[in-house]
Each structure stands twice: as structure tokens, then as C-alpha cells.
>>> print(open('input30.cif').read())   # mmCIF, C-alpha atoms
data_model
#
loop_
_atom_site.label_atom_id
_atom_site.label_comp_id
_atom_site.auth_asym_id
_atom_site.auth_seq_id
_atom_site.Cartn_x
_atom_site.Cartn_y
_atom_site.Cartn_z
CA MET A 1 -18.76 4.68 14.14
CA ILE A 2 -19.35 3.45 10.56
CA PHE A 3 -19.62 7.06 9.35
CA ASN A 4 -16.55 8.03 11.33
CA MET A 5 -14.61 5.16 9.72
CA PHE A 6 -15.66 6.28 6.25
CA ILE A 7 -14.63 9.89 6.88
CA THR A 8 -11.28 8.81 8.33
CA PHE A 9 -10.38 6.57 5.38
CA PHE A 10 -11.71 9.12 2.90
CA LYS A 11 -9.48 11.77 4.46
CA ILE A 12 -6.54 9.37 4.32
CA GLY A 13 -7.40 8.65 0.68
CA ILE A 14 -7.42 12.32 -0.29
CA PHE A 15 -4.12 13.23 1.28
CA THR A 16 -1.86 10.32 0.47
CA PHE A 17 0.33 11.35 -2.39
CA GLY A 18 3.15 9.05 -3.33
CA GLY A 19 1.47 5.65 -3.43
CA GLY A 20 0.18 2.98 -1.10
CA TYR A 21 3.04 2.81 1.38
CA VAL A 22 2.57 6.44 2.42
CA MET A 23 -1.08 5.65 2.85
CA VAL A 24 -0.11 2.88 5.25
CA ALA A 25 2.08 5.31 7.22
CA ILE A 26 -0.92 7.63 7.57
CA ILE A 27 -3.27 4.76 8.50
CA VAL A 28 -0.87 3.80 11.31
CA ASP A 29 -0.90 7.38 12.59
CA GLU A 30 -4.67 7.84 12.43
CA VAL A 31 -5.98 4.39 13.36
CA VAL A 32 -3.40 3.26 15.95
CA ASP A 33 -1.88 6.45 17.42
CA LYS A 34 -4.81 8.90 17.33
CA LYS A 35 -8.08 6.98 17.25
CA LYS A 36 -6.74 3.87 19.01
CA TRP A 37 -9.09 1.66 17.01
CA LEU A 38 -6.40 -1.01 16.71
CA THR A 39 -3.52 -2.07 18.93
CA ASN A 40 0.01 -2.08 17.57
CA ASP A 41 -0.07 -5.90 17.26
CA GLU A 42 -3.39 -5.87 15.39
CA MET A 43 -1.97 -3.29 12.98
CA MET A 44 1.10 -5.46 12.41
CA ASP A 45 -1.18 -8.41 11.63
CA ALA A 46 -3.19 -6.29 9.20
CA LEU A 47 0.02 -5.25 7.45
CA ALA A 48 1.25 -8.85 7.37
CA ILE A 49 -2.00 -10.04 5.74
CA ALA A 50 -2.11 -7.09 3.35
CA GLN A 51 1.35 -7.95 2.06
CA ALA A 52 0.77 -11.68 1.93
CA THR A 53 -2.27 -11.26 -0.37
CA PRO A 54 -2.37 -10.03 -3.97
CA GLY A 55 -3.48 -6.54 -4.95
CA SER A 56 -2.82 -3.06 -3.64
CA MET A 57 -1.35 -3.05 -0.15
CA ALA A 58 -3.26 0.05 1.00
CA VAL A 59 -6.55 -1.41 -0.24
CA ASN A 60 -5.92 -4.75 1.46
CA THR A 61 -4.98 -3.05 4.73
CA SER A 62 -8.16 -0.95 4.70
CA ILE A 63 -10.42 -3.92 4.00
CA PHE A 64 -8.87 -5.95 6.82
CA ILE A 65 -9.10 -3.07 9.30
CA GLY A 66 -12.73 -2.54 8.28
CA TYR A 67 -13.56 -6.19 8.98
CA LYS A 68 -11.77 -6.08 12.30
CA LEU A 69 -13.69 -2.97 13.41
CA LYS A 70 -17.21 -3.54 12.08
CA GLY A 71 -17.42 -6.76 10.06
CA LEU A 72 -18.59 -6.79 6.44
CA ARG A 73 -20.13 -3.32 6.59
CA GLY A 74 -16.92 -1.92 8.02
CA ALA A 75 -14.87 -3.59 5.27
CA ILE A 76 -17.04 -2.07 2.53
CA VAL A 77 -16.96 1.38 4.12
CA CYS A 78 -13.17 1.40 4.58
CA LEU A 79 -12.68 0.13 1.02
CA LEU A 80 -14.91 2.88 -0.40
CA GLY A 81 -13.22 5.53 1.74
CA THR A 82 -9.82 4.47 0.42
CA VAL A 83 -10.82 4.09 -3.24
CA LEU A 84 -13.30 6.91 -3.92
CA PRO A 85 -10.97 9.93 -3.55
CA ALA A 86 -8.44 8.40 -5.96
CA PHE A 87 -11.25 7.43 -8.33
CA PHE A 88 -12.85 10.89 -8.51
CA ILE A 89 -9.59 12.80 -8.63
CA ILE A 90 -8.35 10.65 -11.53
CA LEU A 91 -11.64 11.15 -13.37
CA ILE A 92 -11.29 14.90 -13.00
CA VAL A 93 -7.67 14.78 -14.15
CA ALA A 94 -8.51 12.46 -17.07
CA THR A 95 -11.41 14.66 -18.16
CA PHE A 96 -9.95 18.13 -17.78
CA PHE A 97 -6.24 18.25 -17.15
CA TYR A 98 -4.63 15.50 -19.09
CA ARG A 99 -1.51 17.65 -19.25
CA VAL A 100 -1.23 17.72 -15.46
CA ARG A 101 2.25 16.27 -15.63
CA ASP A 102 3.44 19.35 -17.56
CA ASN A 103 2.18 21.68 -14.86
CA LEU A 104 5.29 23.30 -13.38
CA ILE A 105 3.85 23.93 -9.92
CA LEU A 106 2.63 20.35 -9.59
CA ILE A 107 6.03 19.05 -10.64
CA LYS A 108 7.68 21.15 -7.93
CA ILE A 109 5.19 20.00 -5.31
CA PHE A 110 5.84 16.45 -6.32
CA GLN A 111 9.61 16.93 -6.09
CA GLY A 112 9.11 17.91 -2.46
CA VAL A 113 6.66 15.11 -1.69
CA ARG A 114 8.71 12.29 -3.17
CA PRO A 115 11.57 12.42 -0.65
CA ALA A 116 9.05 13.11 2.14
CA VAL A 117 7.50 9.73 1.32
CA VAL A 118 10.75 8.04 2.33
CA GLY A 119 10.79 9.91 5.66
CA LEU A 120 7.13 9.08 6.33
CA ILE A 121 7.53 5.37 5.64
CA LEU A 122 10.62 5.22 7.86
CA SER A 123 8.78 6.97 10.66
CA ALA A 124 5.97 4.38 10.40
CA VAL A 125 8.61 1.64 10.64
CA TYR A 126 10.18 3.38 13.63
CA LYS A 127 6.86 3.85 15.47
CA LEU A 128 5.68 0.28 14.91
CA MET A 129 9.10 -1.10 15.81
CA LYS A 130 9.27 0.84 19.07
CA LYS A 131 6.08 -0.79 20.33
CA ALA A 132 6.51 -4.19 18.71
CA ASN A 133 8.74 -5.88 21.27
CA PHE A 134 10.65 -7.84 18.67
CA GLY A 135 13.32 -10.26 19.87
CA TYR A 136 16.70 -10.25 18.15
CA LYS A 137 15.65 -13.23 15.99
CA ALA A 138 12.64 -11.39 14.58
CA LEU A 139 14.82 -8.34 14.00
CA LEU A 140 17.29 -10.45 12.04
CA VAL A 141 14.41 -11.75 9.89
CA SER A 142 13.33 -8.15 9.17
CA ILE A 143 16.86 -7.15 8.18
CA ALA A 144 17.28 -10.26 6.05
CA THR A 145 14.00 -9.38 4.27
CA VAL A 146 15.26 -5.91 3.41
CA VAL A 147 18.52 -7.33 2.06
CA VAL A 148 16.86 -10.07 0.00
CA VAL A 149 14.24 -7.76 -1.52
CA VAL A 150 16.41 -4.70 -2.14
CA LEU A 151 19.72 -6.28 -3.14
CA LEU A 152 18.69 -9.62 -4.59
CA LYS A 153 15.41 -8.28 -6.04
CA VAL A 154 13.42 -11.29 -4.87
CA ASN A 155 9.62 -10.94 -5.23
CA PRO A 156 8.23 -10.09 -1.75
CA ILE A 157 5.79 -13.00 -1.87
CA TRP A 158 8.69 -15.48 -1.52
CA THR A 159 9.92 -13.78 1.64
CA ILE A 160 6.42 -14.04 3.10
CA ILE A 161 6.09 -17.72 2.18
CA GLY A 162 9.59 -18.29 3.59
CA GLY A 163 8.80 -16.47 6.84
CA ALA A 164 5.52 -18.30 7.38
CA GLY A 165 6.92 -21.71 6.40
CA GLY A 166 10.10 -21.28 8.42
CA SER A 167 8.20 -20.23 11.51
CA VAL A 168 5.77 -23.18 11.26
CA ILE A 169 8.60 -25.71 10.81
CA ILE A 170 10.72 -24.33 13.67
CA ASN A 171 7.77 -24.14 16.07
CA LYS A 172 6.52 -27.62 15.13
CA ILE A 173 9.93 -29.19 15.70
CA ARG A 174 10.23 -27.37 19.02
CA ARG A 175 6.79 -28.53 20.17
CA ASP A 176 7.42 -32.12 19.09
CA LYS A 177 10.66 -32.13 21.09
CA GLU A 178 8.88 -30.79 24.16
CA LYS A 179 6.29 -33.55 23.91
CA LYS A 180 8.94 -36.28 24.08
CA MET B 1 -15.77 -10.01 -26.28
CA ASN B 2 -17.45 -6.80 -25.22
CA ILE B 3 -14.73 -4.28 -24.38
CA LEU B 4 -16.30 -3.30 -21.03
CA LEU B 5 -16.46 -6.89 -19.90
CA ARG B 6 -12.89 -7.35 -21.05
CA LEU B 7 -11.79 -4.28 -19.05
CA PHE B 8 -13.36 -5.78 -15.95
CA THR B 9 -11.85 -9.26 -16.40
CA THR B 10 -8.40 -7.86 -17.25
CA PHE B 11 -8.26 -5.68 -14.14
CA PHE B 12 -9.70 -8.50 -12.05
CA LYS B 13 -6.80 -10.66 -13.22
CA ILE B 14 -4.31 -7.90 -12.41
CA GLY B 15 -5.81 -7.51 -8.92
CA ALA B 16 -5.77 -11.25 -8.32
CA PHE B 17 -2.26 -12.09 -9.48
CA SER B 18 -0.05 -9.18 -8.54
CA PHE B 19 1.79 -9.95 -5.35
CA GLY B 20 4.05 -7.42 -3.71
CA GLY B 21 2.09 -4.17 -3.80
CA GLY B 22 1.43 -1.48 -6.37
CA TYR B 23 4.89 -1.28 -7.89
CA ALA B 24 5.06 -5.05 -8.44
CA MET B 25 1.66 -4.72 -10.14
CA LEU B 26 3.05 -2.40 -12.83
CA THR B 27 4.80 -5.16 -14.79
CA LEU B 28 1.61 -7.19 -15.13
CA LEU B 29 -0.38 -4.02 -15.84
CA GLU B 30 1.95 -2.97 -18.66
CA GLU B 31 1.82 -6.43 -20.21
CA GLU B 32 -1.98 -6.56 -20.15
CA VAL B 33 -2.96 -3.06 -21.22
CA VAL B 34 -0.12 -2.24 -23.64
CA GLN B 35 0.95 -5.56 -25.12
CA VAL B 36 -2.01 -7.97 -24.92
CA ASN B 37 -4.94 -5.59 -25.39
CA ASN B 38 -3.32 -2.63 -27.14
CA TRP B 39 -5.55 -0.24 -25.22
CA ILE B 40 -2.87 2.40 -24.83
CA THR B 41 0.62 3.02 -26.21
CA SER B 42 3.82 2.58 -24.25
CA ALA B 43 4.29 6.36 -24.11
CA ASP B 44 0.76 6.82 -22.76
CA PHE B 45 1.45 4.17 -20.15
CA ILE B 46 4.45 6.14 -18.84
CA ASP B 47 2.29 9.30 -18.79
CA ILE B 48 -0.38 7.50 -16.81
CA LEU B 49 2.18 6.27 -14.26
CA ALA B 50 3.49 9.81 -13.80
CA ILE B 51 -0.05 11.09 -13.26
CA SER B 52 -0.83 8.23 -10.86
CA GLU B 53 2.17 9.17 -8.77
CA MET B 54 1.24 12.84 -8.69
CA THR B 55 -2.35 12.25 -7.62
CA PRO B 56 -3.44 10.91 -4.23
CA GLY B 57 -4.30 7.28 -3.58
CA PRO B 58 -2.87 3.85 -4.29
CA ILE B 59 -1.17 3.60 -7.67
CA ALA B 60 -3.24 0.50 -8.58
CA ILE B 61 -6.50 2.42 -8.21
CA ASN B 62 -5.20 5.50 -10.01
CA SER B 63 -3.98 3.58 -13.02
CA ALA B 64 -7.08 1.34 -13.21
CA THR B 65 -9.38 4.37 -13.15
CA PHE B 66 -7.33 6.25 -15.73
CA ILE B 67 -6.95 3.39 -18.20
CA GLY B 68 -10.60 2.38 -17.69
CA TYR B 69 -11.67 5.93 -18.53
CA LYS B 70 -9.51 6.11 -21.65
CA VAL B 71 -10.87 2.80 -22.94
CA GLY B 72 -14.51 2.95 -21.88
CA GLY B 73 -15.42 6.36 -20.41
CA TYR B 74 -17.04 6.62 -16.97
CA VAL B 75 -18.47 3.11 -17.11
CA GLY B 76 -15.07 1.77 -18.10
CA ALA B 77 -13.39 3.62 -15.24
CA SER B 78 -15.87 2.16 -12.75
CA LEU B 79 -15.55 -1.40 -14.08
CA ALA B 80 -11.74 -1.34 -14.16
CA THR B 81 -11.56 0.02 -10.61
CA LEU B 82 -14.10 -2.49 -9.35
CA GLY B 83 -12.20 -5.25 -11.13
CA VAL B 84 -8.88 -4.36 -9.53
CA VAL B 85 -10.22 -4.22 -5.93
CA LEU B 86 -12.69 -7.12 -6.05
CA PRO B 87 -10.05 -9.91 -5.73
CA SER B 88 -8.63 -8.12 -2.66
CA PHE B 89 -12.08 -7.93 -1.15
CA ILE B 90 -12.86 -11.60 -1.77
CA ILE B 91 -9.47 -12.87 -0.57
CA ILE B 92 -9.37 -10.70 2.59
CA SER B 93 -12.96 -11.77 3.39
CA ILE B 94 -12.00 -15.43 3.19
CA ILE B 95 -8.88 -14.87 5.31
CA PHE B 96 -10.75 -12.87 7.91
CA HIS B 97 -13.38 -15.58 8.34
CA SER B 98 -10.88 -18.45 8.38
CA LEU B 99 -8.79 -16.63 10.96
CA HIS B 100 -11.87 -16.31 13.09
CA LYS B 101 -12.61 -20.01 12.71
CA PHE B 102 -9.08 -21.20 13.46
CA LYS B 103 -8.12 -18.59 16.01
CA ASN B 104 -7.25 -21.25 18.58
CA SER B 105 -4.98 -23.20 16.26
CA PRO B 106 -1.27 -22.86 17.10
CA TYR B 107 -0.54 -22.84 13.37
CA VAL B 108 -2.18 -19.43 13.00
CA ASP B 109 0.10 -18.02 15.71
CA TRP B 110 3.13 -19.60 14.09
CA VAL B 111 2.29 -18.27 10.63
CA PHE B 112 1.78 -14.76 11.99
CA GLY B 113 4.89 -15.00 14.12
CA GLY B 114 6.79 -15.72 10.92
CA ILE B 115 5.09 -13.16 8.68
CA ARG B 116 5.16 -10.16 11.03
CA PRO B 117 8.91 -9.50 10.94
CA VAL B 118 8.90 -10.11 7.17
CA ALA B 119 6.00 -7.66 6.62
CA PHE B 120 7.95 -5.20 8.65
CA GLY B 121 11.08 -5.71 6.60
CA LEU B 122 9.06 -5.26 3.40
CA ILE B 123 7.87 -1.84 4.51
CA ALA B 124 11.45 -0.82 5.32
CA ALA B 125 12.49 -2.24 1.93
CA ALA B 126 9.87 -0.06 0.23
CA ALA B 127 11.46 3.00 1.85
CA VAL B 128 14.85 1.94 0.48
CA THR B 129 13.51 1.23 -3.02
CA ILE B 130 11.63 4.52 -3.24
CA GLY B 131 14.60 6.28 -1.66
CA LYS B 132 16.89 5.14 -4.47
CA THR B 133 14.90 7.18 -6.99
CA ALA B 134 13.60 9.93 -4.67
CA LEU B 135 16.74 10.97 -2.85
CA VAL B 136 18.56 12.56 -5.77
CA ASP B 137 20.24 15.61 -4.22
CA ILE B 138 21.07 17.19 -0.86
CA LYS B 139 17.72 19.04 -0.74
CA SER B 140 15.71 15.84 -1.12
CA ILE B 141 17.79 14.06 1.54
CA LEU B 142 17.17 16.96 3.95
CA ILE B 143 13.41 16.84 3.25
CA ALA B 144 13.35 13.10 4.01
CA ILE B 145 15.28 13.56 7.27
CA LEU B 146 13.16 16.55 8.32
CA LEU B 147 9.91 14.66 7.74
CA PHE B 148 11.17 11.56 9.55
CA TYR B 149 12.18 13.70 12.52
CA LEU B 150 8.98 15.78 12.72
CA VAL B 151 6.60 12.82 12.35
CA SER B 152 8.52 10.43 14.62
CA PHE B 153 9.56 12.78 17.44
CA LYS B 154 7.43 15.94 17.18
CA LYS B 155 4.09 14.23 16.60
CA LEU B 156 3.54 16.06 13.32
CA ASN B 157 0.44 14.74 11.56
CA PRO B 158 1.72 12.91 8.42
CA ILE B 159 -0.99 14.58 6.30
CA LEU B 160 0.34 18.00 7.31
CA GLY B 161 3.79 16.58 6.67
CA VAL B 162 2.86 15.83 3.05
CA MET B 163 1.55 19.39 2.62
CA LEU B 164 4.67 20.85 4.22
CA ALA B 165 6.83 18.80 1.85
CA GLY B 166 4.80 20.00 -1.14
CA GLY B 167 5.36 23.60 0.00
CA LEU B 168 9.09 22.95 0.42
CA GLY B 169 9.09 21.57 -3.12
CA ILE B 170 7.69 24.84 -4.50
CA ILE B 171 10.24 26.90 -2.55
CA LEU B 172 13.32 24.75 -3.12
CA TYR B 173 12.90 23.54 -6.70
#
>>> encode(input="input30.cif", output="C-alpha cells")
Amino acid sequence: MIFNMFITFFKIGIFTFGGGYVMVAIIVDEVVDKKKWLTNDEMMDALAIAQATPGSMAVNTSIFIGYKLKGLRGAIVCLLGTVLPAFFIILIVATFFYRVRDNLILIKIFQGVRPAVVGLILSAVYKLMKKANFGYKALLVSIATVVVVVLLKVNPIWTIIGGAGGSVIINKIRRDKEKK
Amino acid sequence: MNILLRLFTTFFKIGAFSFGGGYAMLTLLEEEVVQVNNWITSADFIDILAISEMTPGPIAINSATFIGYKVGGYVGASLATLGVVLPSFIIISIIFHSLHKFKNSPYVDWVFGGIRPVAFGLIAAAAVTIGKTALVDIKSILIAILLFYLVSFKKLNPILGVMLAGGLGIILY
């Protein structure tokens, strides 16, 4: 299992062009849809924690999934799987092909991959959403988050603090009322 | 201070204080490596970002490895990369263990109930933000729609999807 986890995250690490969010889309596909290592809800929790904590979102997601699957050893293995491909590929690029960004073929490939990233992230959103069983209130919160972050350019951390704080306050008031 | 130690502490700081994913990290990264430490020039920084985007993996790891290598060779690359992921590792470890300890507390459920829809919205927001710079012409919009359709409804493996999109890039551009 540990070896299988390493190979899976290493494979994900090699093939995710376009930054961490694409990586998350691929993790959802491999870990939830194909391997069924995590349920949809557990994946949503992993994504929630990964975005509520500092650092790279893909790295945080991998570490949390690793812990969930196999404790500390799992966390280390998933972290290494995610980081090592990027690390070695950058070393090769930095050593030999510093002019990689002038390579015409690579530029063309990248022009195709960039818009694909948008489609991949949206399909991850769609797949998670389909299984998530959100009520209309939760859906409104998601939409409000998009608006606040994209249009008002608020740092995502404030939306997370707001979501957590708001939920705690509303639930606490509701429970206190029920007690009376 | 020894430059290798400084590489490590600088990237540790970047890993510990950048909230909001790789792109939010870039502001802090630019400030630290270009302005405070003068390790690379502004033009080099833009080059490194372009390379990070064109190579696989999270942008935080790519840029840490690249800048670490430029400043301190292979050892520098290793220390910068370790520095940028170590805060994540420590913080997620603490959270994982506290969650385990307090799993019966209603507060944990409430916090997650509140964060989940936000986390979800943030991922959708990332698609919009990237879309604003990536969807520049009719060809790119068609690629995005095609990939969304194939991965969501035709069970196309996203990794194959990325390769397909790269191939389309060579043909179309």
C-alpha cells in the first residue's frame, strides 16, 4: 500500500502541468474515483484543510491524504511523491535547458495546456459537487466565495475564517435555543 | 549569515506565511528573493515563473527548487525545497492529530461545515482566475470546453487530458 501510494502521487506529480489546482483535479480522479482510497466527503475535508493552511495547496492536500491513509509514514510518502518529480525536473531544466521558455514546441504545448487547466479544474468542481449533497445555503456560500475572491480580490484566507466563524456562531446559537 | 542557512529560513518563512495557494505565494516570494535578498533580478524572477508554469508540479516547489539551485547549487535547491514544504508538514501534522483528539467535539463539525462550501468556492474561483488569462481566443475556449466535457462525462483520465491538450496546442498554435 505504501509503495502504491508513492507511485500514485509520483505519477500525479509528473503529469500535472499548470500548477497545484490541476494537481488537485488529478488527485480527485485517482484517489477518489479510481482507487477509492477516500470518500467524497473525506476529500472535501482534505481540500478544506489544505486551503485553510499556509503553503502550496497540492502539497498540503497530499500530506493530509497520506496521514489519513497510513499515518506519518503515509504523509511522508505522499509528500515525497508530490515533490520529487517537480524537484528533479526543475534541476534538469536549471542545469541544461535554461532557455526552455524560448523553445517553440514547448510554448505551443503550453498554449494548449493552459486552457485545458480551466476545463480540468471545473470538471473536478463538477464531480465533487455532484456527490456532495450540498443544501442551497452551502451552495450560496460557495457562490459568494467565488464572487468575493474573484471580483473583490479578497485574500482566500478571510473567506475561510469567515466560513468557519460564521458556521460556529450560527450552530452555537441554534443549539443554545434548542436547549431552552 | 551563511547563505545556505538563509535560503532555508527564507523559504521556510514563505511556506509558513503564504495563505491562499501558489499564486498568492508569488507576492511574498518576489519580495523575499528579489527585493530583500537580491538573489535574482526582477527579469530572472519572471523567467523562473514562466519555467515553473511550463514544468510539472506545484509552482511553489518549482520556484523554490529553481531559485535554490541558482543561489546555492544542488544543496541550495534541496534546502529551499525542504524549507518551503516543512511548514506545511508541521502544520498539517498538528491539525491531523488535533482532529483525531477532538473528533467528537461539535465544534469540529461546525468548522468543517463552514469551510467545505468555501473551499469548494475557492477551487471554482481558481478556475475563473486562471481562465481570465488562459482563455484568450476561440481555440483556447474550445479546448477548455472539450476537456471539461471529456473528463466530466466521458471518464477521460485527466493525465491523458493534459497530454491531449498539449498535442492540440502543437496542432492549433
>>> atom_distance(input="input30.cif", atom1="atom CA of Ala16 of chain B", atom2="atom CA of Thr82 of chain A")
18.4 Å
>>> resolve_selection(input="input30.cif", expression="the PyMOL selection byres ((chain A and resi 39) around 12)", output="list in words")
Val28, Asp29, Glu30, Val31, Val32, Asp33, Lys34, Lys35, Lys36, Trp37, Leu38, Asn40, Asp41, Glu42, Met43, Met44, Asp45, Ala46, Ile65, Lys68, Leu69, Leu128, Lys131 and Ala132 of chain A
>>> closest_residue(input="input30.cif", among="B:Gly68, B:Gly161, B:Pro87, B:Gly166", to="chain A", atoms="only C-alpha atoms")
B:Gly166
>>> closest_residue(input="input30.cif", among="B:Lys155, B:Lys139, B:Arg116, B:Lys13", to="chain A", atoms="all atoms listed in the file")
B:Arg116
>>> closest_residue(input="input30.cif", among="B:Tyr173, B:Trp110, B:Phe153, B:Phe8", to="Leu79 of chain B", atoms="only C-alpha atoms")
B:Phe8
